[in-house]
>>> print(open('input.txt').read())   # compact mmCIF, C-alpha atoms
# COMPACT_ATOMS: atom_id res chain seq x y z
CA MET A 10 15.08 -184.40 -28.45
CA SER A 11 13.99 -186.55 -25.52
CA ASP A 12 11.04 -188.93 -25.66
CA THR A 13 10.93 -189.13 -21.89
CA TYR A 14 7.46 -188.39 -20.54
CA ASP A 15 7.20 -185.86 -17.72
CA SER A 16 3.99 -186.38 -15.74
CA THR A 17 4.16 -183.01 -13.97
CA ALA A 18 1.64 -181.18 -16.17
CA ASP A 19 -0.86 -184.05 -16.13
CA THR A 20 -0.53 -184.42 -12.37
CA ILE A 21 -1.02 -180.69 -11.80
CA ALA A 22 -4.10 -180.75 -14.06
CA HIS A 23 -5.47 -183.76 -12.15
CA ILE A 24 -4.88 -182.06 -8.78
CA LYS A 25 -6.68 -178.95 -10.04
CA ARG A 26 -9.63 -180.99 -11.33
CA VAL A 27 -10.01 -182.89 -8.06
CA SER A 28 -9.79 -179.59 -6.20
CA ASP A 29 -12.56 -178.16 -8.39
CA LEU A 30 -14.76 -181.22 -7.81
CA LEU A 31 -14.16 -181.12 -4.05
CA GLY A 32 -15.16 -177.46 -4.19
CA GLU A 33 -18.48 -178.49 -5.76
CA VAL A 34 -19.01 -181.00 -2.94
CA GLU A 35 -18.06 -178.36 -0.38
CA SER A 36 -20.59 -175.92 -1.88
CA GLU A 37 -23.35 -178.52 -1.71
CA LEU A 38 -22.49 -179.34 1.91
CA GLU A 39 -22.50 -175.63 2.78
CA PHE A 40 -25.95 -175.32 1.21
CA ARG A 41 -27.18 -178.34 3.14
CA ALA A 42 -25.78 -176.85 6.35
CA SER A 43 -27.71 -173.63 5.73
CA VAL A 44 -31.07 -175.40 5.30
CA HIS A 45 -30.57 -178.41 7.60
CA ASP A 46 -33.79 -179.31 9.45
CA ALA A 47 -35.47 -176.00 8.53
CA SER A 48 -38.77 -177.89 8.37
CA LYS A 49 -38.64 -178.22 12.17
CA LEU A 50 -39.40 -174.50 12.36
CA GLN A 51 -42.76 -174.89 10.59
CA SER A 52 -46.03 -176.66 11.25
CA PRO A 53 -46.74 -179.51 11.72
CA GLU A 54 -43.25 -180.16 13.08
CA LYS A 55 -42.66 -177.17 15.34
CA GLU A 56 -45.60 -177.78 17.68
CA VAL A 57 -44.66 -181.42 18.17
CA PHE A 58 -40.95 -180.74 18.63
CA ASP A 59 -41.77 -177.99 21.16
CA ARG A 60 -43.76 -180.50 23.20
CA VAL A 61 -41.60 -183.64 22.90
CA THR A 62 -37.96 -182.51 22.58
CA PRO A 63 -37.54 -181.74 26.31
CA ARG A 64 -38.72 -185.28 27.10
CA LEU A 65 -36.39 -186.86 24.55
CA LYS A 66 -33.38 -185.19 26.13
CA GLU A 67 -34.00 -187.16 29.31
CA LEU A 68 -34.18 -190.54 27.55
CA THR A 69 -31.56 -192.97 26.31
CA TYR A 70 -31.42 -193.13 22.53
CA GLY A 71 -32.93 -196.36 21.24
CA SER A 72 -34.63 -197.27 24.54
CA ASP A 73 -38.26 -198.40 24.65
CA GLU A 74 -39.19 -195.09 26.29
CA TYR A 75 -37.43 -193.19 23.50
CA LYS A 76 -39.28 -195.20 20.85
CA ALA A 77 -42.59 -194.51 22.60
CA GLN A 78 -41.97 -190.77 22.35
CA LEU A 79 -41.18 -191.14 18.65
CA SER A 80 -44.53 -192.82 18.06
CA GLU A 81 -46.21 -189.78 19.66
CA MET A 82 -44.35 -187.63 17.10
CA LYS A 83 -45.53 -189.60 14.05
CA VAL A 84 -47.23 -186.74 12.20
CA ALA A 85 -44.23 -184.44 12.64
CA LEU A 86 -41.69 -187.14 11.87
CA ASP A 87 -43.49 -188.27 8.72
CA HIS A 88 -43.43 -184.66 7.51
CA HIS A 89 -39.80 -184.21 8.59
CA TYR A 90 -38.56 -187.35 6.86
CA ALA A 91 -40.42 -186.45 3.66
CA ALA A 92 -38.80 -182.99 3.64
CA ASN A 93 -35.23 -184.01 4.53
CA SER A 94 -33.18 -186.38 2.39
CA HIS A 95 -30.53 -186.94 5.08
CA HIS A 96 -32.91 -189.36 6.80
CA PRO A 97 -33.10 -192.96 5.58
CA GLU A 98 -36.88 -192.78 6.06
CA HIS A 99 -36.97 -190.28 3.19
CA TYR A 100 -36.36 -193.12 0.73
CA ASP A 101 -38.44 -196.19 -0.07
CA ASN A 102 -35.28 -198.29 0.14
CA GLY A 103 -33.87 -196.51 3.20
CA ILE A 104 -30.18 -195.81 3.44
CA ARG A 105 -29.60 -197.55 0.11
CA GLY A 106 -31.44 -194.69 -1.59
CA MET A 107 -29.18 -192.04 -0.11
CA SER A 108 -26.31 -190.23 -1.77
CA LEU A 109 -22.91 -189.90 -0.15
CA LEU A 110 -23.80 -186.28 0.65
CA ASP A 111 -26.99 -187.44 2.40
CA VAL A 112 -24.88 -189.90 4.41
CA VAL A 113 -22.38 -187.21 5.45
CA GLU A 114 -25.19 -184.93 6.58
CA MET A 115 -26.85 -187.84 8.38
CA LEU A 116 -23.68 -188.68 10.33
CA CYS A 117 -23.28 -185.03 11.33
CA ASP A 118 -26.95 -185.03 12.40
CA TRP A 119 -26.40 -188.13 14.50
CA LYS A 120 -23.37 -186.56 16.18
CA ALA A 121 -25.28 -183.35 16.96
CA ALA A 122 -28.22 -185.38 18.29
CA THR A 123 -25.96 -187.28 20.70
CA GLU A 124 -24.81 -183.97 22.13
CA ARG A 125 -28.40 -183.22 23.19
CA HIS A 126 -28.45 -186.20 25.56
CA GLU A 127 -26.50 -186.53 28.80
CA ASN A 128 -25.52 -190.07 27.91
CA GLY A 129 -25.22 -189.47 24.16
CA ASP A 130 -22.53 -191.49 22.42
CA ILE A 131 -22.02 -191.32 18.66
CA ALA A 132 -20.18 -194.66 18.57
CA LYS A 133 -23.08 -196.34 20.36
CA SER A 134 -25.58 -194.60 18.06
CA ILE A 135 -23.77 -196.04 15.04
CA GLU A 136 -24.24 -199.52 16.50
CA ILE A 137 -27.92 -198.95 17.35
CA ASN A 138 -28.60 -197.39 13.96
CA GLN A 139 -27.20 -200.38 12.09
CA ASP A 140 -30.09 -202.42 13.49
CA ARG A 141 -32.55 -199.56 12.94
CA PHE A 142 -31.56 -198.79 9.34
CA GLY A 143 -30.02 -202.05 8.20
CA TYR A 144 -26.76 -200.72 6.84
CA SER A 145 -23.96 -203.09 6.00
CA ASP A 146 -21.01 -204.27 8.01
CA ASP A 147 -18.94 -202.46 5.36
CA LEU A 148 -20.52 -199.07 6.04
CA LYS A 149 -20.42 -199.28 9.83
CA PRO A 150 -16.61 -199.13 10.14
CA ILE A 151 -16.57 -196.22 7.68
CA PHE A 152 -18.79 -194.34 10.14
CA HIS A 153 -16.50 -195.30 13.04
CA ASN A 154 -13.39 -194.33 11.07
CA THR A 155 -14.96 -190.98 10.23
CA ILE A 156 -15.87 -190.09 13.81
CA LYS A 157 -12.35 -191.07 14.87
CA GLU A 158 -10.77 -188.95 12.11
CA MET A 159 -13.00 -186.01 13.05
CA GLY A 160 -12.17 -186.42 16.76
CA TRP A 161 -15.82 -187.08 17.63
CA GLY A 162 -15.41 -190.36 19.46
>>> encode(input="input.txt", output="structure tokens")
Amino acid sequence: MSDTYDSTADTIAHIKRVSDLLGEVESELEFRASVHDASKLQSPEKEVFDRVTPRLKELTYGSDEYKAQLSEMKVALDHHYAANSHHPEHYDNGIRGMSLLDVVEMLCDWKAATERHENGDIAKSIEINQDRFGYSDDLKPIFHNTIKEMGWG
């Protein structure tokens, strides 16, 4: 009788468990995708987004003109941030209050937002948003690595 350990069964069980856990994450991300920004379709957000979104498309993200438009949207944005946890403004401590799933949804949101602007650039948005949201020099390259891996920039 051999006392030699064969790790095959333990490794297969581990692979299955990780697969199950990734499936739970996938399900949560699918749910988030189905309800993403739904609050924009209701008052008080819809009226403001109807009025301001066409103007925002013409502006450079992060510019003074862009920021001025955001201030005009305060009522809608306050409501939007309160209703949507993928925005750092949702949390008292900003991005540090977010979960990894919030962060993934946020990065996807940023990418989609850049596609609404002629000069949109997700890599540039990551740089601008570090100043805006105060995330670490450790998180920033993770964002850049992710957009590269996804073929987004």
>>> atom_distance(input="input.txt", atom1="atom CA of Asp101 of chain A", atom2="atom CA of Val84 of chain A")
17.8 Å
>>> atom_distance(input="input.txt", atom1="atom CA of Lys149 of chain A", atom2="atom CA of Ala132 of chain A")
9.9 Å
>>> residues_around(input="input.txt", residues="segment 111-122 of chain A", least_positions_apart="6", cutoff="10 Å", atoms="only C-alpha atoms", output="PDB file with C-alpha atoms, in the frame of the given file")
ATOM      1  CA  LEU A  38     -22.490-179.340   1.910  1.00  0.00           C
ATOM      2  CA  ARG A  41     -27.180-178.340   3.140  1.00  0.00           C
ATOM      3  CA  ALA A  42     -25.780-176.850   6.350  1.00  0.00           C
ATOM      4  CA  HIS A  45     -30.570-178.410   7.600  1.00  0.00           C
ATOM      5  CA  ASP A  46     -33.790-179.310   9.450  1.00  0.00           C
ATOM      6  CA  LYS A  66     -33.380-185.190  26.130  1.00  0.00           C
ATOM      7  CA  TYR A  70     -31.420-193.130  22.530  1.00  0.00           C
ATOM      8  CA  ASN A  93     -35.230-184.010   4.530  1.00  0.00           C
ATOM      9  CA  SER A  94     -33.180-186.380   2.390  1.00  0.00           C
ATOM     10  CA  HIS A  95     -30.530-186.940   5.080  1.00  0.00           C
ATOM     11  CA  HIS A  96     -32.910-189.360   6.800  1.00  0.00           C
ATOM     12  CA  PRO A  97     -33.100-192.960   5.580  1.00  0.00           C
ATOM     13  CA  ILE A 104     -30.180-195.810   3.440  1.00  0.00           C
ATOM     14  CA  ARG A 105     -29.600-197.550   0.110  1.00  0.00           C
ATOM     15  CA  GLY A 129     -25.220-189.470  24.160  1.00  0.00           C
ATOM     16  CA  ASP A 130     -22.530-191.490  22.420  1.00  0.00           C
ATOM     17  CA  ILE A 131     -22.020-191.320  18.660  1.00  0.00           C
ATOM     18  CA  ALA A 132     -20.180-194.660  18.570  1.00  0.00           C
ATOM     19  CA  SER A 134     -25.580-194.600  18.060  1.00  0.00           C
ATOM     20  CA  ILE A 135     -23.770-196.040  15.040  1.00  0.00           C
ATOM     21  CA  ASN A 138     -28.600-197.390  13.960  1.00  0.00           C
ATOM     22  CA  PHE A 152     -18.790-194.340  10.140  1.00  0.00           C
ATOM     23  CA  THR A 155     -14.960-190.980  10.230  1.00  0.00           C
ATOM     24  CA  ILE A 156     -15.870-190.090  13.810  1.00  0.00           C
ATOM     25  CA  TRP A 161     -15.820-187.080  17.630  1.00  0.00           C
ATOM     26  CA  GLY A 162     -15.410-190.360  19.460  1.00  0.00           C
TER      27      GLY A 162
END
>>> atom_distance(input="input.txt", atom1="atom CA of Ser145 of chain A", atom2="atom CA of Gly103 of chain A")
12.2 Å
>>> closest_residue(input="input.txt", among="A:Thr62, A:Thr69, A:Asn154, A:Ser48", to="Met82 of chain A", atoms="all atoms listed in the file")
A:Thr62
>>> closest_residue(input="input.txt", among="A:Leu79, A:Ala85, A:Glu35, A:Leu30", to="Glu56 of chain A", atoms="only C-alpha atoms")
A:Ala85
>>> closest_residue(input="input.txt", among="A:Lys76, A:His153, A:Leu86, A:Ile21", to="Lys49 of chain A", atoms="only C-alpha atoms")
A:Leu86
>>> closest_residue(input="input.txt", among="A:Leu109, A:Leu50, A:Ile137, A:Ala92", to="Ile151 of chain A", atoms="only C-alpha atoms")
A:Leu109
>>> residues_around(input="input.txt", residues="Gln51 of chain A", least_positions_apart="6", cutoff="12 Å", atoms="all atoms listed in the file", output="PyMOL selection string")
chain A and resi 57-59+85+88-89+92
>>> closest_residue(input="input.txt", among="A:Asn102, A:Val27, A:His126, A:Leu148", to="Tyr75 of chain A", atoms="only C-alpha atoms")
A:His126
>>> closest_residue(input="input.txt", among="A:Glu81, A:Pro150, A:Gly160, A:Lys25", to="Arg64 of chain A", atoms="all atoms listed in the file")
A:Glu81
